[in-house]
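So this one's my_file.cif, mmCIF, C-alpha atoms and all ligand atoms:
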data_target
loop_
_atom_site.group_PDB
_atom_site.id
_atom_site.type_symbol
_atom_site.label_atom_id
_atom_site.label_comp_id
_atom_site.auth_asym_id
_atom_site.auth_seq_id
_atom_site.Cartn_x
_atom_site.Cartn_y
_atom_site.Cartn_z
ATOM 1 C CA MET A 1 -10.180 -16.603 7.093
ATOM 2 C CA LYS A 2 -12.415 -15.451 4.232
ATOM 3 C CA ILE A 3 -11.134 -12.085 3.030
ATOM 4 C CA GLY A 4 -12.614 -9.792 0.380
ATOM 5 C CA ILE A 5 -10.294 -7.621 -1.681
ATOM 6 C CA CYS A 6 -10.750 -4.862 -4.245
ATOM 7 C CA SER A 7 -8.785 -2.190 -6.043
ATOM 8 C CA ASP A 8 -9.011 0.306 -8.833
ATOM 9 C CA HIS A 9 -6.473 0.371 -11.698
ATOM 10 C CA ALA A 10 -3.892 2.062 -9.447
ATOM 11 C CA GLY A 11 -4.069 -0.797 -6.954
ATOM 12 C CA LEU A 12 -4.420 -3.689 -9.396
ATOM 13 C CA ASP A 13 -0.818 -4.885 -9.290
ATOM 14 C CA TYR A 14 -0.677 -4.916 -5.478
ATOM 15 C CA LYS A 15 -4.117 -6.580 -5.328
ATOM 16 C CA THR A 16 -3.022 -9.361 -7.666
ATOM 17 C CA ARG A 17 0.117 -9.992 -5.635
ATOM 18 C CA LEU A 18 -1.728 -9.786 -2.305
ATOM 19 C CA ILE A 19 -4.262 -12.377 -3.485
ATOM 20 C CA SER A 20 -1.383 -14.809 -4.114
ATOM 21 C CA TYR A 21 0.107 -13.948 -0.723
ATOM 22 C CA LEU A 22 -3.185 -14.486 1.121
ATOM 23 C CA LEU A 23 -3.872 -17.778 -0.664
ATOM 24 C CA SER A 24 -0.348 -18.956 0.206
ATOM 25 C CA LYS A 25 -1.167 -18.302 3.871
ATOM 26 C CA GLY A 26 -4.293 -20.473 3.654
ATOM 27 C CA HIS A 27 -6.913 -17.732 3.459
ATOM 28 C CA GLU A 28 -9.953 -17.864 1.213
ATOM 29 C CA VAL A 29 -10.086 -14.764 -0.985
ATOM 30 C CA VAL A 30 -13.047 -13.175 -2.747
ATOM 31 C CA ASN A 31 -11.917 -10.749 -5.466
ATOM 32 C CA PHE A 32 -14.292 -7.833 -6.088
ATOM 33 C CA GLY A 33 -12.225 -6.401 -8.996
ATOM 34 C CA THR A 34 -11.052 -4.495 -10.853
ATOM 35 C CA ASP A 35 -9.271 -7.028 -13.010
ATOM 36 C CA SER A 36 -8.289 -4.577 -15.723
ATOM 37 C CA ASP A 37 -5.561 -1.956 -15.847
ATOM 38 C CA GLN A 38 -7.931 0.424 -17.619
ATOM 39 C CA SER A 39 -8.789 3.592 -15.722
ATOM 40 C CA CYS A 40 -11.860 2.993 -13.561
ATOM 41 C CA ASP A 41 -13.781 4.378 -10.587
ATOM 42 C CA TYR A 42 -12.836 3.093 -7.109
ATOM 43 C CA ALA A 43 -16.419 3.336 -5.812
ATOM 44 C CA ASP A 44 -17.598 0.668 -8.268
ATOM 45 C CA PHE A 45 -15.439 -1.847 -6.389
ATOM 46 C CA ALA A 46 -15.569 -0.427 -2.866
ATOM 47 C CA HIS A 47 -19.368 -0.665 -2.554
ATOM 48 C CA PRO A 48 -19.580 -4.427 -3.317
ATOM 49 C CA LEU A 49 -16.709 -5.098 -0.900
ATOM 50 C CA ALA A 50 -18.418 -3.049 1.825
ATOM 51 C CA GLU A 51 -21.666 -4.950 1.311
ATOM 52 C CA ALA A 52 -19.857 -8.286 1.562
ATOM 53 C CA VAL A 53 -18.131 -7.306 4.810
ATOM 54 C CA GLY A 54 -21.346 -5.832 6.186
ATOM 55 C CA SER A 55 -23.397 -8.934 5.383
ATOM 56 C CA GLY A 56 -20.765 -11.320 6.738
ATOM 57 C CA GLU A 57 -20.104 -12.901 3.347
ATOM 58 C CA VAL A 58 -16.459 -12.162 4.074
ATOM 59 C CA GLU A 59 -14.927 -11.595 7.496
ATOM 60 C CA LYS A 60 -12.583 -8.745 6.564
ATOM 61 C CA GLY A 61 -11.701 -6.637 3.553
ATOM 62 C CA ILE A 62 -8.668 -5.102 1.901
ATOM 63 C CA ALA A 63 -9.028 -2.168 -0.520
ATOM 64 C CA ILE A 64 -6.288 -0.567 -2.587
ATOM 65 C CA CYS A 65 -6.207 2.558 -4.718
ATOM 66 C CA GLY A 66 -3.608 5.207 -5.473
ATOM 67 C CA THR A 67 -3.826 7.216 -2.259
ATOM 68 C CA GLY A 68 -6.274 4.999 -0.387
ATOM 69 C CA ASN A 69 -8.546 7.970 0.173
ATOM 70 C CA GLY A 70 -11.171 7.256 -2.461
ATOM 71 C CA MET A 71 -11.582 3.692 -1.207
ATOM 72 C CA ALA A 72 -11.709 4.768 2.440
ATOM 73 C CA MET A 73 -14.237 7.538 1.811
ATOM 74 C CA THR A 74 -16.530 5.202 -0.125
ATOM 75 C CA LEU A 75 -16.260 2.269 2.269
ATOM 76 C CA ASN A 76 -16.944 4.419 5.315
ATOM 77 C CA HIS A 77 -20.339 5.444 3.921
ATOM 78 C CA HIS A 78 -21.483 1.948 4.881
ATOM 79 C CA ALA A 79 -22.515 1.845 8.533
ATOM 80 C CA PRO A 80 -20.971 -1.561 9.384
ATOM 81 C CA ILE A 81 -17.636 -0.603 7.881
ATOM 82 C CA ARG A 82 -14.638 0.825 9.689
ATOM 83 C CA ALA A 83 -12.114 1.252 6.893
ATOM 84 C CA GLY A 84 -8.703 2.495 7.935
ATOM 85 C CA LEU A 85 -5.751 3.631 5.853
ATOM 86 C CA ALA A 86 -2.284 2.273 6.719
ATOM 87 C CA TRP A 87 1.100 3.250 5.296
ATOM 88 C CA ASN A 88 3.408 1.534 7.777
ATOM 89 C CA THR A 89 3.200 -1.400 10.172
ATOM 90 C CA ALA A 90 2.728 0.740 13.287
ATOM 91 C CA VAL A 91 -0.400 2.292 11.786
ATOM 92 C CA ALA A 92 -1.562 -1.098 10.452
ATOM 93 C CA ALA A 93 -1.410 -2.515 13.994
ATOM 94 C CA LEU A 94 -3.126 0.497 15.565
ATOM 95 C CA VAL A 95 -5.945 0.590 13.036
ATOM 96 C CA LYS A 96 -6.972 -2.819 14.362
ATOM 97 C CA GLU A 97 -5.946 -2.422 18.022
ATOM 98 C CA HIS A 98 -7.623 0.973 18.508
ATOM 99 C CA ASN A 99 -10.140 1.328 15.660
ATOM 100 C CA ASP A 100 -11.107 -2.310 15.042
ATOM 101 C CA ALA A 101 -10.905 -1.697 11.293
ATOM 102 C CA ASN A 102 -12.744 -4.397 9.380
ATOM 103 C CA VAL A 103 -11.315 -3.117 6.099
ATOM 104 C CA LEU A 104 -7.647 -2.236 5.620
ATOM 105 C CA VAL A 105 -6.990 0.404 2.961
ATOM 106 C CA LEU A 106 -3.600 0.695 1.274
ATOM 107 C CA PRO A 107 -2.180 3.578 -0.835
ATOM 108 C CA ALA A 108 -0.439 1.715 -3.659
ATOM 109 C CA ARG A 109 1.219 4.783 -5.151
ATOM 110 C CA PHE A 110 2.850 5.758 -1.856
ATOM 111 C CA ILE A 111 4.112 2.518 -0.310
ATOM 112 C CA SER A 112 6.217 -0.331 -1.643
ATOM 113 C CA TYR A 113 4.648 -3.742 -2.224
ATOM 114 C CA ARG A 114 6.889 -5.044 0.541
ATOM 115 C CA MET A 115 5.340 -2.507 2.919
ATOM 116 C CA ALA A 116 1.842 -3.347 1.684
ATOM 117 C CA VAL A 117 2.254 -7.032 2.496
ATOM 118 C CA SER A 118 3.794 -6.160 5.882
ATOM 119 C CA CYS A 119 0.786 -3.981 6.654
ATOM 120 C CA VAL A 120 -1.600 -6.800 5.716
ATOM 121 C CA ARG A 121 0.262 -9.344 7.841
ATOM 122 C CA THR A 122 0.412 -6.965 10.822
ATOM 123 C CA TRP A 123 -3.269 -5.990 10.586
ATOM 124 C CA LEU A 124 -4.410 -9.623 10.322
ATOM 125 C CA GLU A 125 -2.366 -10.574 13.392
ATOM 126 C CA ALA A 126 -3.410 -7.573 15.504
ATOM 127 C CA ARG A 127 -6.253 -7.793 18.029
ATOM 128 C CA PHE A 128 -8.740 -5.088 19.034
ATOM 129 C CA GLU A 129 -7.961 -3.826 22.537
ATOM 130 C CA GLY A 130 -11.554 -2.974 23.483
ATOM 131 C CA GLY A 131 -12.001 -0.936 26.677
ATOM 132 C CA ARG A 132 -11.897 2.812 25.981
ATOM 133 C CA HIS A 133 -11.545 2.028 22.276
ATOM 134 C CA GLN A 134 -14.850 0.156 22.315
ATOM 135 C CA ARG A 135 -16.550 3.281 23.675
ATOM 136 C CA ARG A 136 -14.895 5.378 20.983
ATOM 137 C CA ILE A 137 -15.822 3.215 18.018
ATOM 138 C CA GLU A 138 -19.421 3.082 19.297
ATOM 139 C CA LYS A 139 -19.539 6.873 18.835
ATOM 140 C CA ILE A 140 -18.531 6.719 15.160
ATOM 141 C CA PRO A 141 -21.969 6.059 13.562
ATOM 142 C CA VAL A 142 -24.180 9.087 12.898
ATOM 143 C CA ARG A 143 -27.100 8.944 15.324
HETATM 144 C C1 LIG B 1 -6.591 7.108 -9.615
HETATM 145 O O1 LIG B 1 -5.877 7.924 -10.476
HETATM 146 C C2 LIG B 1 -6.633 7.696 -8.218
HETATM 147 O O2 LIG B 1 -7.326 8.903 -8.208
HETATM 148 C C3 LIG B 1 -7.233 6.713 -7.250
HETATM 149 O O3 LIG B 1 -6.524 5.516 -7.306
HETATM 150 C C4 LIG B 1 -7.233 7.124 -5.795
HETATM 151 O O4 LIG B 1 -5.984 7.607 -5.417
HETATM 152 C C5 LIG B 1 -8.324 7.998 -5.378
HETATM 153 O O5 LIG B 1 -8.531 8.267 -4.192
#
Can you give me the file's structure in the form of structure tokens?
Amino acid sequence: MKIGICSDHAGLDYKTRLISYLLSKGHEVVNFGTDSDQSCDYADFAHPLAEAVGSGEVEKGIAICGTGNGMAMTLNHHAPIRAGLAWNTAVAALVKEHNDANVLVLPARFISYRMAVSCVRTWLEARFEGGRHQRRIEKIPVR
């Protein structure tokens, strides 16, 4: 699968390690930055990732910042994006099964790397359940 990934400085270490993990599992990865540990603004990286997911350049996205909130707030301004925050594997499964999240957001300062990679694995393996959840996600966009 072709997966886009981005972070700010707070998520850089986990992003770097997740890229290696994803490549080791045979995925193609497009890195939207940051590639520096200098303080930066999450939106500068979230917008290009959202555009790539929205256009189909990549199938799914992963975004990482300190709390996950800045990334999620920015990504969800893009109509095609359903970005969901996960902090354990139960939530990582549900954000796909119930919300069909096309971007997984991780809070690097509040979960271990081990948990981050477990969330990624769980979310990639999960399947959207459809049914009543399809009706619900159709009501998300502003009309
Ligand atoms: C960076 O200090 C931090 O504010 C950022 O990573 C994120 O948590 C914002 O939502």
- Message: At a cut-off of 12 Å and counting all atoms listed in the file, what residues surround ligand LIG 1 (chain B)? Please answer as an NGL selection string.
- Response: :A and (6-12 or 34 or 37-43 or 45-46 or 63-75 or 85 or 105-110)
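Omitting Ser55 in chain A and its sequence neighbours fewer than 5 positions away, and counting only C-alpha atoms, the residues within 10 Å are Leu49, Ala50 and Pro80 of chain A.
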- For Asn76 in chain A, the closest of A:Lys25, A:His47, A:Lys15, A:Arg114 counting all atoms listed in the file is A:His47
- Quick one: distance from CA of Gly54 in chain A to CA of Val103 in chain A in Å, one decimal?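 Separation between CA of Gly54 in chain A and CA of Val103 in chain A: 10.4 Å.
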- Spatial neighbours of Arg121 in chain A, 10 Å, all atoms listed in the file, chain gap at least 4 places, as a ChimeraX atom specification: /A:21-22,25,89,92-93,115-117,125-126
- Query: CA of Ile3 in chain A and CA of Ile62 in chain A, how far apart in Å?
  - Reply: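 Between these atoms lies a distance of 7.5 Å.
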- Task: Excluding range 26-28 of chain A and any residue of its chain fewer than 4 positions from it, enumerate the residues within 12 Å of it, using all atoms listed in the file, and give them as a ChimeraX atom specification.
- Result: /A:1-5,18-22,57-61,121,124
- What does the distance between CA of Pro48 in chain A and CA of Ser36 in chain A come to in Å, to one decimal place? 16.8 Å
- Query: Which is closest to Gly130 in chain A among A:Glu97, A:Asn31, A:Asn102, A:Ile111, if we use all atoms listed in the file?
  - Reply: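 Of A:Glu97, A:Asn31, A:Asn102, A:Ile111, the one nearest Gly130 in chain A, counting all atoms listed in the file, is A:Glu97.
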Box dimensions and centre (Å, one decimal) enclosing range 59-72 of chain A, axis-aligned, 3 Å extra per side, as lines of an AutoDock Vina configuration file:
center_x = -9.3
center_y = -1.8
center_z = 1.0
size_x = 17.3
size_y = 25.6
size_z = 19.0
